[in-house]
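A.B. asks: Dropping a structure here in structure tokens format, bear with me for questions.
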Amino acid sequence: MAEKDRRTYVRVHDGLTDHPKIIEVGGEAAWLYISALCYSSRQLTDGLVPKRLIRRLTDLSNPEALASALLRVGLLHEGEHDCSRCPVGGPDVYVVHDYLEHQRSAAEVAALREKRSAAGQRGGRRSGESRRAASKGEANGEALASDLLKQTRTKTEAETETETEVEEVLRTSSRARRGAGHDEPPRADVERVCRALADAIEANGSKRPTITKQWRDSARLLIDKDRRTVEQVLGAIEWSQNSDFWRPNVQSMPKLRKQYDQMRLQAMRDKPKANLPATANGHLPGTDSRVAEHYDLMNELLAEGSN
Ligand SMILES: [Zn+2]
């Protein structure tokens, strides 16, 4: 077996060069499109590309005009678009259309990392050993490999290689992120929760808040440092904006992060003791169904409390 290739790749359809949209925009715009795919893959942005980086992605002379051409044919979206297939971003980004249809999402990469760390360092070492042993054709190579297979369900060789690739990507991108300082790549999960909170505040009749850098930093910390899932954060947003007490106290993402644990504890106290009665058709009557909805939100909030 050849030395393993640890670089990561984007997938490009082999009909790309003949695609009517590509023919319409021309080769230079197509190169910008490919560059945007590569950026998103390197930085795990789910297809979000900061507009200010468009000039740096290629050495072409008029990148803004090329981006406009890609927008016109729908290969790129403005950050705030209405394409149901693509994640939204802020006004400062472009979104590569259908990126997640063909490329690996940041969540998939994180799930693979989770799986990898669950298998443990030992599994990781054995994985390496088994591959090395197998490549030398040693007798115990197969035994190690089958042991590894048992440990990690039915992991295919491709998956194992993917995980190693993913680790590499994560190392590279976290290094890139640290080095980049304020120039961090955009993240679809962060944008999603910030937007959900802004939507909820606006839906309650308040002025729509601006999603600032502080909002994004707090959302990033909630997800990365506090280890809340996107679903838990969305649950907390809904909980806070449906509560007369919490609504005025949670008018920004930094406040949501600050109050998160207080809300979680209150949700735990308010947890209904008995199951709610269902009507004959299985649907709950008005008030009960609202309580039941809150019950689901509480469960979202509480989900991580049991770990
Ligand atoms: Zn789209």
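Letters A, B, ... go to the chains of the structure tokens in the order shown; residues in each chain start at 1; ligands are counted from 1 in the same order.
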Report as JSON lines the residues of chain A within 9 Å of ligand 1, each with its shortest atom pair and distance in Å (one decimal), using only C-alpha atoms and all ligand atoms, ordered by chain and increasing residue number.
C.D. replies:
```
{"residue": "A:Gly74", "atom": "CA", "partner": "ligand 1", "partner_atom_place_in_ligand_line": "1 (Zn)", "distance": 7.3}
{"residue": "A:Leu75", "atom": "CA", "partner": "ligand 1", "partner_atom_place_in_ligand_line": "1 (Zn)", "distance": 7.6}
{"residue": "A:Leu76", "atom": "CA", "partner": "ligand 1", "partner_atom_place_in_ligand_line": "1 (Zn)", "distance": 7.5}
{"residue": "A:His77", "atom": "CA", "partner": "ligand 1", "partner_atom_place_in_ligand_line": "1 (Zn)", "distance": 6.7}
{"residue": "A:His81", "atom": "CA", "partner": "ligand 1", "partner_atom_place_in_ligand_line": "1 (Zn)", "distance": 8.1}
{"residue": "A:Asp82", "atom": "CA", "partner": "ligand 1", "partner_atom_place_in_ligand_line": "1 (Zn)", "distance": 7.9}
{"residue": "A:Cys83", "atom": "CA", "partner": "ligand 1", "partner_atom_place_in_ligand_line": "1 (Zn)", "distance": 4.6}
{"residue": "A:Ser84", "atom": "CA", "partner": "ligand 1", "partner_atom_place_in_ligand_line": "1 (Zn)", "distance": 6.6}
{"residue": "A:Arg85", "atom": "CA", "partner": "ligand 1", "partner_atom_place_in_ligand_line": "1 (Zn)", "distance": 5.0}
{"residue": "A:Cys86", "atom": "CA", "partner": "ligand 1", "partner_atom_place_in_ligand_line": "1 (Zn)", "distance": 4.4}
{"residue": "A:Pro87", "atom": "CA", "partner": "ligand 1", "partner_atom_place_in_ligand_line": "1 (Zn)", "distance": 7.8}
{"residue": "A:Val95", "atom": "CA", "partner": "ligand 1", "partner_atom_place_in_ligand_line": "1 (Zn)", "distance": 7.6}
{"residue": "A:Val96", "atom": "CA", "partner": "ligand 1", "partner_atom_place_in_ligand_line": "1 (Zn)", "distance": 7.0}
{"residue": "A:His97", "atom": "CA", "partner": "ligand 1", "partner_atom_place_in_ligand_line": "1 (Zn)", "distance": 3.7}
{"residue": "A:Asp98", "atom": "CA", "partner": "ligand 1", "partner_atom_place_in_ligand_line": "1 (Zn)", "distance": 5.1}
{"residue": "A:Tyr99", "atom": "CA", "partner": "ligand 1", "partner_atom_place_in_ligand_line": "1 (Zn)", "distance": 7.9}
```
A.B. asks: Those selected residues, please, written with C-alpha atoms and delivered as an mmCIF file, in the first residue's frame.
C.D. replies:
```cif
data_model
loop_
_atom_site.group_PDB
_atom_site.id
_atom_site.type_symbol
_atom_site.label_atom_id
_atom_site.label_comp_id
_atom_site.auth_asym_id
_atom_site.auth_seq_id
_atom_site.Cartn_x
_atom_site.Cartn_y
_atom_site.Cartn_z
ATOM 1 C CA GLY A 74 -27.389 30.613 -8.795
ATOM 2 C CA LEU A 75 -24.060 28.899 -8.166
ATOM 3 C CA LEU A 76 -23.569 31.361 -5.299
ATOM 4 C CA HIS A 77 -26.201 32.908 -3.034
ATOM 5 C CA HIS A 81 -31.084 33.870 0.581
ATOM 6 C CA ASP A 82 -34.261 31.833 0.250
ATOM 7 C CA CYS A 83 -32.846 28.647 -1.274
ATOM 8 C CA SER A 84 -34.313 25.875 0.860
ATOM 9 C CA ARG A 85 -31.347 23.576 0.211
ATOM 10 C CA CYS A 86 -28.600 25.791 1.571
ATOM 11 C CA PRO A 87 -27.661 27.141 5.019
ATOM 12 C CA VAL A 95 -23.078 30.732 0.169
ATOM 13 C CA VAL A 96 -22.011 28.086 -2.367
ATOM 14 C CA HIS A 97 -25.259 26.578 -3.680
ATOM 15 C CA ASP A 98 -25.694 22.854 -2.915
ATOM 16 C CA TYR A 99 -22.346 22.631 -1.126
#
```
A.B. asks: Would you pick out the contacts of A:Leu234 at 12 Å or less, using only C-alpha atoms, so that residues sharing its chain but fewer than 2 positions from it are not included, and give the list as a ChimeraX atom specification?
C.D. replies: /A:189-200,219,222-223,228-232,236-241,253,256-257,260,296-298,300-301
A.B. asks: Given the choices A:Val250, A:Ala203, A:Ala106, A:Met263, which gets closest to A:Leu48 if the distance is worked out from only C-alpha atoms?
C.D. replies: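 Distance minimum relative to A:Leu48 lands on A:Ala106.
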A.B. asks: Which residue, A:Gly15, A:Pro50, A:Pro63, A:Gly235, has the smallest gap to A:Trp31 when you use only C-alpha atoms?
C.D. replies: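 Selected residue with least distance to A:Trp31: A:Pro63.
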A.B. asks: So the first atom is atom CA of A:Gly90 and the second is atom CA of A:Ala188; what is the distance between them in Å, to one decimal place?
C.D. replies: 9.6 Å
A.B. asks: Go through A:Leu44, A:Gln266, A:Gly89, A:Glu24 and flag the residue nearest A:Phe245, using only C-alpha atoms for the distances.
C.D. replies: A:Gln266
A.B. asks: State, in Å with one decimal place, the distance from atom CA of A:Ala29 to atom CA of A:Leu66.
C.D. replies: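 Those two atoms sit 4.9 Å apart.
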A.B. asks: How many Å separate atom CA of A:Arg72 from atom CA of A:Ile211?
C.D. replies: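 Computing it gives 26.5 Å between the two atoms.
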A.B. asks: Quick one: residues within 10 Å of A:Leu37, only C-alpha atoms counted, chain neighbours fewer than 3 positions away excluded, as a PDB file with C-alpha atoms, in the first residue's frame?
C.D. replies:
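Output contents, as saved in out-v9.pdb:
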```
ATOM      1  CA  TYR A   9     -10.615  16.769  -1.303  1.00  0.00           C
ATOM      2  CA  VAL A  10     -13.723  18.377  -2.684  1.00  0.00           C
ATOM      3  CA  ARG A  11     -15.980  16.504  -5.052  1.00  0.00           C
ATOM      4  CA  VAL A  12     -16.615  17.993  -8.462  1.00  0.00           C
ATOM      5  CA  TRP A  31     -12.333  28.980 -11.200  1.00  0.00           C
ATOM      6  CA  LEU A  32     -13.646  31.299  -8.502  1.00  0.00           C
ATOM      7  CA  TYR A  33     -16.424  28.749  -7.881  1.00  0.00           C
ATOM      8  CA  ILE A  34     -13.870  25.941  -7.473  1.00  0.00           C
ATOM      9  CA  SER A  40     -15.245  25.904   2.408  1.00  0.00           C
ATOM     10  CA  SER A  41     -13.748  22.435   2.632  1.00  0.00           C
ATOM     11  CA  ARG A  42     -10.491  23.642   4.212  1.00  0.00           C
ATOM     12  CA  THR A  45     -17.785  26.420   6.686  1.00  0.00           C
ATOM     13  CA  ASP A  46     -20.567  24.367   5.024  1.00  0.00           C
ATOM     14  CA  GLY A  47     -20.208  26.529   1.926  1.00  0.00           C
ATOM     15  CA  LEU A  48     -20.096  29.962   3.545  1.00  0.00           C
ATOM     16  CA  VAL A  49     -17.421  32.257   2.114  1.00  0.00           C
ATOM     17  CA  VAL A  95     -23.078  30.732   0.169  1.00  0.00           C
ATOM     18  CA  VAL A  96     -22.011  28.086  -2.367  1.00  0.00           C
ATOM     19  CA  HIS A  97     -25.259  26.578  -3.680  1.00  0.00           C
ATOM     20  CA  TYR A  99     -22.346  22.631  -1.126  1.00  0.00           C
ATOM     21  CA  GLN A 103     -19.289  17.929   0.187  1.00  0.00           C
TER      22      GLN A 103
END
```
A.B. asks: Taking the DSSP secondary structure from the backbone, can you list the residues of stretch 64-118 of chain A that are strand (DSSP E or B), as a ChimeraX atom specification?
C.D. replies: /A:76-78,93-96
A.B. asks: Would you output that residue set with C-alpha atoms, as an mmCIF file, in the first residue's frame?
C.D. replies:
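As a result, result-v2.cif now contains:
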```cif
data_model
loop_
_atom_site.group_PDB
_atom_site.id
_atom_site.type_symbol
_atom_site.label_atom_id
_atom_site.label_comp_id
_atom_site.auth_asym_id
_atom_site.auth_seq_id
_atom_site.Cartn_x
_atom_site.Cartn_y
_atom_site.Cartn_z
ATOM 1 C CA LEU A 76 -23.569 31.361 -5.299
ATOM 2 C CA HIS A 77 -26.201 32.908 -3.034
ATOM 3 C CA GLU A 78 -26.130 36.076 -1.012
ATOM 4 C CA VAL A 93 -20.885 36.073 3.226
ATOM 5 C CA TYR A 94 -21.672 34.254 0.033
ATOM 6 C CA VAL A 95 -23.078 30.732 0.169
ATOM 7 C CA VAL A 96 -22.011 28.086 -2.367
#
```
